[in-house]
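Q: First, the structure itself, so that you have it in front of you.
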Amino acid sequence: MDQIQIYVTDNSECLEFEAESRGCRFDVYVKFSDELFSIKIYDIVRLTQDFESEVASKGFYSVDPNVVLVPAVTNTHICTTVMSLAKQKYFSQIKPLCAQEVEKIMKDLSPISLPTSFYDNGRSDNREGQTAKVPS
């Protein structure tokens with residue numbers, strides 16, 4: 001089983017509330033299979049707003065790479081979605097960050113506290129430093 005860790009640049013409750021209110025979060029990083037991936041999290045309301053704004057101003061909308069839609073931009077929804085994406089082999093289809101980028105940003109990242117249900121026995125003392133195992 002692969003290990004997965006989810007990081008953000010600021011894991012404060014204030015920023016989580018702000019991200020949920022804005023409907024997007026661009027500072028989410030996933031460490032999976034010894035590689036680090038950057039993903040952009042949106043809810044459908046914010047994506048629709050961005051789409052309509054871009055079409056009105058440019059006449060088209062170009063989707064950024066690694067965009068992931070969630071029901072709401074909360075840590076719980078982000079974790080649930082990332083775990084599902086890992087099970088579906090999503091991270092083998094996108095490009096990881098290069099070694100220089102990883103070295104530059106890792107010192108500024110904080111792990112998201114994964115919900116207790118993400119661990120083998122459902123107990124929070126099984127967290128192993130915010131790492132969860134992805135079932136094959």
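Naming works like this for the structure tokens: A, B, ... for the chains as they're shown, residue 1 at the start of each chain, ligands 1 onward in shown order.
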Within 10 Å of range 102-106 of chain A, counting only C-alpha atoms, which residues qualify if same-chain residues fewer than 3 places away don't, as a list in words?
A: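 Surrounding residues, per the criterion: Tyr7, Val8, Thr9, Tyr29, Glu35, Leu36, Phe37, Pro96, Leu97, Cys98, Ala99, Leu109 and Ser110 of chain A.
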Q: Running DSSP on the backbone, which parts of range 5-113 of chain A land in helix (DSSP H, G or I), as a ChimeraX atom specification?
A: /A:13-22,44-58,75-87,90-92,99-108
Q: Nearest to Glu101 in chain A among A:Glu18, A:Phe32, A:Leu69, A:Ser38, with distances taken over only C-alpha atoms: which residue is it?
A: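 Smallest distance to Glu101 in chain A is found for A:Ser38.
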Q: Determine, counting only C-alpha atoms, which protein, DNA and RNA residues have an atom within 7 Å of an atom of Val67 in chain A; residues of the same chain fewer than 6 positions away are not included. Present the result as a list in words.
A: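 The neighbour list is Ile39, Lys40 and Ile41 of chain A.
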Q: Ranking A:Cys14, A:Ile44, A:Val63, A:Val70 by minimum distance to Leu85 in chain A and counting only C-alpha atoms, which one comes first?
A: A:Val70
Q: Taking the backbone alone, and naming residues the way the document does, which bits of chain A are strand (DSSP E or B) by DSSP, as a VMD selection string?
A: chain A and resid 2 to 8 24 to 32 35 to 42 67 to 69 110 to 111 132 to 134
Q: Using only C-alpha atoms, which of A:Lys31, A:Arg22, A:Lys89, A:Lys58 sits nearest Asp43 in chain A?
A: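 Closest to Asp43 in chain A of all the choices is A:Arg22.
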Q: With only C-alpha atoms as the basis for distance, which of A:Thr74, A:Gln5, A:Gln93, A:Gln100 is at the shortest distance from Asp34 in chain A?
A: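 Going through A:Thr74, A:Gln5, A:Gln93, A:Gln100 one by one, the smallest distance to Asp34 in chain A is for A:Gln5.
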